[in-house]
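Student: Take this structure, written in structure tokens, and hold onto it; I'll ask about it next.
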Amino acid sequence: MSRFLKASVLLFFLFILWIIYLANTGSSSIFFDLVRAIPYGDKLGHIALFGTFGLILITATRATYFKLGFIRVYYGAIAVLGFALIEEISQAFVRSRTFDLLDLAADIVGVILASSLVYLVQRARNINNLSQPENPDTASETTDD
């Protein structure tokens, strides 16, 4: 994993922890004001936060995956979903928070979108690589007789 990706994972994880801390303590933030001002802002925020975290972590883990039937399940996505599940369940035990199954669903949607984007990029790269000649120097040579 490159230093940039390691730093990105760490910084985004710390950012999410900071958002969770603010929510758990009932603090106000410009982010919370923005979420309240947008219709379905809370759910869109969950999709954006966990989708972005999923995208960064899947990329940082070099998009390694296992197959579940015909579906690619990225290890980075599993890690983000595990974190999201723990975070959402923990809200049931914090006085200023409430557990919301729809928040967890939004987290899952974000990670699925991130996984789908990684899959599509990988697929496009594979198609592009297949269309390239193996040795571009010799493939375009022509003989003039």
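Residues in the structure tokens are named by chain (A, B, ... in the order shown) and by number from 1 within that chain; ligands are numbered from 1 in the order shown.
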Which residues come within 9 Å of A:Glu88, counting only C-alpha atoms, excluding same-chain residues fewer than 2 positions away, as a ChimeraX atom specification?

Tutor: /A:83-86,90-92,98-101,103-104

Student: Which neighbours of A:Thr64 fall inside 10 Å, counting only C-alpha atoms, when residues of the same chain fewer than 6 positions from it are skipped, and could you give them as a PyMOL selection string?

Tutor: chain A and resi 58+72-77

Student: Go ahead and write the residues just picked, all heavy atoms, as a tab-separated table (two decimals), in the first residue's frame.

Tutor:
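What landed in selection.tsv:
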```tsv
chain	number	residue	atom	x	y	z
A	58	ILE	N	-10.95	-0.04	-0.28
A	58	ILE	CA	-10.88	-1.06	-1.34
A	58	ILE	C	-9.66	-0.79	-2.22
A	58	ILE	O	-8.91	-1.71	-2.57
A	58	ILE	CB	-12.18	-1.09	-2.17
A	58	ILE	CG1	-13.34	-1.61	-1.34
A	58	ILE	CG2	-11.99	-1.95	-3.42
A	58	ILE	CD1	-14.70	-1.39	-1.98
A	72	ARG	N	-18.17	-10.40	-6.60
A	72	ARG	CA	-16.89	-10.09	-5.98
A	72	ARG	C	-17.16	-9.37	-4.66
A	72	ARG	O	-17.85	-8.36	-4.63
A	72	ARG	CB	-16.06	-9.16	-6.86
A	72	ARG	CG	-15.50	-9.80	-8.07
A	72	ARG	CD	-14.64	-8.83	-8.83
A	72	ARG	NE	-14.13	-9.45	-10.04
A	72	ARG	CZ	-13.28	-8.89	-10.84
A	72	ARG	NH1	-12.83	-7.67	-10.60
A	72	ARG	NH2	-12.86	-9.52	-11.92
A	73	VAL	N	-16.59	-9.88	-3.60
A	73	VAL	CA	-16.72	-9.24	-2.29
A	73	VAL	C	-15.33	-8.74	-1.92
A	73	VAL	O	-14.42	-9.53	-1.67
A	73	VAL	CB	-17.26	-10.22	-1.23
A	73	VAL	CG1	-17.39	-9.52	0.11
A	73	VAL	CG2	-18.60	-10.80	-1.67
A	74	TYR	N	-15.16	-7.43	-1.91
A	74	TYR	CA	-13.86	-6.83	-1.63
A	74	TYR	C	-13.59	-6.84	-0.12
A	74	TYR	O	-14.47	-6.51	0.67
A	74	TYR	CB	-13.81	-5.40	-2.17
A	74	TYR	CG	-13.91	-5.35	-3.68
A	74	TYR	CD1	-15.12	-5.07	-4.31
A	74	TYR	CD2	-12.80	-5.60	-4.48
A	74	TYR	CE1	-15.22	-5.03	-5.69
A	74	TYR	CE2	-12.88	-5.57	-5.86
A	74	TYR	CZ	-14.10	-5.28	-6.45
A	74	TYR	OH	-14.19	-5.26	-7.82
A	75	TYR	N	-12.37	-7.19	0.24
A	75	TYR	CA	-12.01	-7.23	1.65
A	75	TYR	C	-12.13	-5.84	2.30
A	75	TYR	O	-12.57	-5.73	3.44
A	75	TYR	CB	-10.59	-7.78	1.83
A	75	TYR	CG	-10.49	-9.25	1.54
A	75	TYR	CD1	-9.87	-9.72	0.39
A	75	TYR	CD2	-11.04	-10.19	2.42
A	75	TYR	CE1	-9.78	-11.08	0.11
A	75	TYR	CE2	-10.96	-11.55	2.15
A	75	TYR	CZ	-10.33	-11.99	1.00
A	75	TYR	OH	-10.26	-13.33	0.73
A	76	GLY	N	-11.78	-4.81	1.57
A	76	GLY	CA	-11.94	-3.45	2.09
A	76	GLY	C	-13.39	-3.12	2.38
A	76	GLY	O	-13.70	-2.45	3.37
A	77	ALA	N	-14.28	-3.60	1.54
A	77	ALA	CA	-15.72	-3.36	1.75
A	77	ALA	C	-16.21	-4.07	3.00
A	77	ALA	O	-17.00	-3.52	3.78
A	77	ALA	CB	-16.52	-3.82	0.53
```

Student: To test your reading of the structure, identify every residue in stretch 15-127 of chain A that backbone DSSP assigns to alpha helix (DSSP H), and report it as a VMD selection string.

Tutor: chain A and resid 15 to 25 30 to 37 41 to 60 75 to 90 101 to 127

Student: Considering only C-alpha atoms, state which residue in the set A:Tyr119, A:Asp107, A:Thr25, A:Ile56 is at the smallest distance from A:Glu87.

Tutor: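 For A:Glu87, the nearest of the given residues is A:Asp107.
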
Student: Give me, please, the distance in Å between atom CA of A:Thr61 and atom CA of A:Trp18, quoted to one decimal.

Tutor: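 Atom-to-atom, atom CA of A:Thr61 to atom CA of A:Trp18, that is 23.4 Å.
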
Student: Measure the distance from atom CA of A:Val80 to atom CA of A:Asn24 in Å and round it to one decimal.

Tutor: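 Interatomic distance here is 19.6 Å.
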
Student: At a cut-off of 12 Å, using only C-alpha atoms, what residues contact stretch 30-40 of chain A? Leave out same-chain residues fewer than 3 positions from it and give the result as a list in words.

Tutor: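 Those residues are Phe15, Ile16, Trp18, Ile19, Ile20, Leu22, Ala23, Gly26, Ser27, Lys43, Leu44, Gly45, His46, Ile47, Ala48, Leu49, Leu102, Asp103 and Ala106 of chain A.
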
Student: Would you save the residues of that selection, restricted to N, CA and C atoms, as a PDB file, in the first residue's frame?

Tutor:
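Once everything was written out, this is selection_33.pdb:
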```
ATOM      1  N   PHE A  15     -11.455  11.219  10.388  1.00  0.00           N
ATOM      2  CA  PHE A  15     -12.549  12.154  10.100  1.00  0.00           C
ATOM      3  C   PHE A  15     -13.887  11.550  10.514  1.00  0.00           C
ATOM      4  N   ILE A  16     -14.124  10.291  10.159  1.00  0.00           N
ATOM      5  CA  ILE A  16     -15.376   9.626  10.537  1.00  0.00           C
ATOM      6  C   ILE A  16     -15.473   9.512  12.061  1.00  0.00           C
ATOM      7  N   TRP A  18     -14.215  11.521  14.204  1.00  0.00           N
ATOM      8  CA  TRP A  18     -14.502  12.873  14.698  1.00  0.00           C
ATOM      9  C   TRP A  18     -15.995  13.169  14.534  1.00  0.00           C
ATOM     10  N   ILE A  19     -16.567  12.818  13.390  1.00  0.00           N
ATOM     11  CA  ILE A  19     -18.002  13.026  13.162  1.00  0.00           C
ATOM     12  C   ILE A  19     -18.812  12.224  14.198  1.00  0.00           C
ATOM     13  N   ILE A  20     -18.391  10.983  14.441  1.00  0.00           N
ATOM     14  CA  ILE A  20     -19.083  10.139  15.428  1.00  0.00           C
ATOM     15  C   ILE A  20     -18.973  10.762  16.815  1.00  0.00           C
ATOM     16  N   LEU A  22     -18.603  13.945  17.571  1.00  0.00           N
ATOM     17  CA  LEU A  22     -19.492  15.109  17.629  1.00  0.00           C
ATOM     18  C   LEU A  22     -20.944  14.683  17.816  1.00  0.00           C
ATOM     19  N   ALA A  23     -21.362  13.665  17.092  1.00  0.00           N
ATOM     20  CA  ALA A  23     -22.741  13.185  17.208  1.00  0.00           C
ATOM     21  C   ALA A  23     -22.999  12.582  18.588  1.00  0.00           C
ATOM     22  N   GLY A  26     -23.409  15.251  21.185  1.00  0.00           N
ATOM     23  CA  GLY A  26     -24.464  16.222  20.932  1.00  0.00           C
ATOM     24  C   GLY A  26     -23.929  17.577  20.501  1.00  0.00           C
ATOM     25  N   SER A  27     -22.697  17.621  20.033  1.00  0.00           N
ATOM     26  CA  SER A  27     -22.088  18.874  19.590  1.00  0.00           C
ATOM     27  C   SER A  27     -22.665  19.302  18.254  1.00  0.00           C
ATOM     28  N   LYS A  43     -29.320  10.450   5.358  1.00  0.00           N
ATOM     29  CA  LYS A  43     -29.077   9.210   4.603  1.00  0.00           C
ATOM     30  C   LYS A  43     -28.034   9.445   3.512  1.00  0.00           C
ATOM     31  N   LEU A  44     -28.112  10.587   2.829  1.00  0.00           N
ATOM     32  CA  LEU A  44     -27.110  10.912   1.808  1.00  0.00           C
ATOM     33  C   LEU A  44     -25.721  11.058   2.432  1.00  0.00           C
ATOM     34  N   GLY A  45     -25.680  11.599   3.645  1.00  0.00           N
ATOM     35  CA  GLY A  45     -24.404  11.715   4.355  1.00  0.00           C
ATOM     36  C   GLY A  45     -23.814  10.353   4.673  1.00  0.00           C
ATOM     37  N   HIS A  46     -24.670   9.430   5.110  1.00  0.00           N
ATOM     38  CA  HIS A  46     -24.201   8.062   5.389  1.00  0.00           C
ATOM     39  C   HIS A  46     -23.668   7.407   4.112  1.00  0.00           C
ATOM     40  N   ILE A  47     -24.410   7.563   3.015  1.00  0.00           N
ATOM     41  CA  ILE A  47     -23.971   6.985   1.740  1.00  0.00           C
ATOM     42  C   ILE A  47     -22.618   7.573   1.340  1.00  0.00           C
ATOM     43  N   ALA A  48     -22.498   8.897   1.437  1.00  0.00           N
ATOM     44  CA  ALA A  48     -21.257   9.562   1.032  1.00  0.00           C
ATOM     45  C   ALA A  48     -20.082   9.175   1.930  1.00  0.00           C
ATOM     46  N   LEU A  49     -20.290   9.199   3.249  1.00  0.00           N
ATOM     47  CA  LEU A  49     -19.196   8.882   4.175  1.00  0.00           C
ATOM     48  C   LEU A  49     -18.699   7.454   4.013  1.00  0.00           C
ATOM     49  N   LEU A 102     -32.307   2.301   8.954  1.00  0.00           N
ATOM     50  CA  LEU A 102     -32.157   2.965   7.663  1.00  0.00           C
ATOM     51  C   LEU A 102     -30.770   3.605   7.511  1.00  0.00           C
ATOM     52  N   ASP A 103     -30.175   4.038   8.621  1.00  0.00           N
ATOM     53  CA  ASP A 103     -28.798   4.538   8.560  1.00  0.00           C
ATOM     54  C   ASP A 103     -27.851   3.414   8.147  1.00  0.00           C
ATOM     55  N   ALA A 106     -28.235   2.795   4.540  1.00  0.00           N
ATOM     56  CA  ALA A 106     -27.537   3.824   3.754  1.00  0.00           C
ATOM     57  C   ALA A 106     -26.033   3.566   3.731  1.00  0.00           C
TER      58      ALA A 106
END
```

Student: How many Å separate atom CA of A:Lys67 from atom CA of A:Ser2?

Tutor: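 Distance between the two atoms: 25.4 Å.
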
Student: Counting only C-alpha atoms, which residues in stretch 27-140 of chain A sit no more than 8 Å from stretch 7-13 of chain A? For each one, give the nearest pair of atoms and the distance in Å, sorted by chain then residue number, as CSV.

Tutor:
```
residue,atom,partner,partner_atom,distance
A:Phe53,CA,A:Phe12,CA,6.7
A:Ile56,CA,A:Val9,CA,6.2
A:Leu57,CA,A:Val9,CA,6.2
A:Ala60,CA,A:Val9,CA,7.5
```

Student: Measuring atom to atom with only C-alpha atoms, identify which of A:Val94, A:Gly110, A:Ala63, A:Ser28 is nearest to A:Phe50.

Tutor: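 Going through A:Val94, A:Gly110, A:Ala63, A:Ser28 one by one, the smallest distance to A:Phe50 is for A:Gly110.
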
Student: Which of these, A:Ile89, A:Leu55, A:Leu68, A:Ile127, has the shortest distance to A:Ile112 once you count only C-alpha atoms?

Tutor: A:Leu55
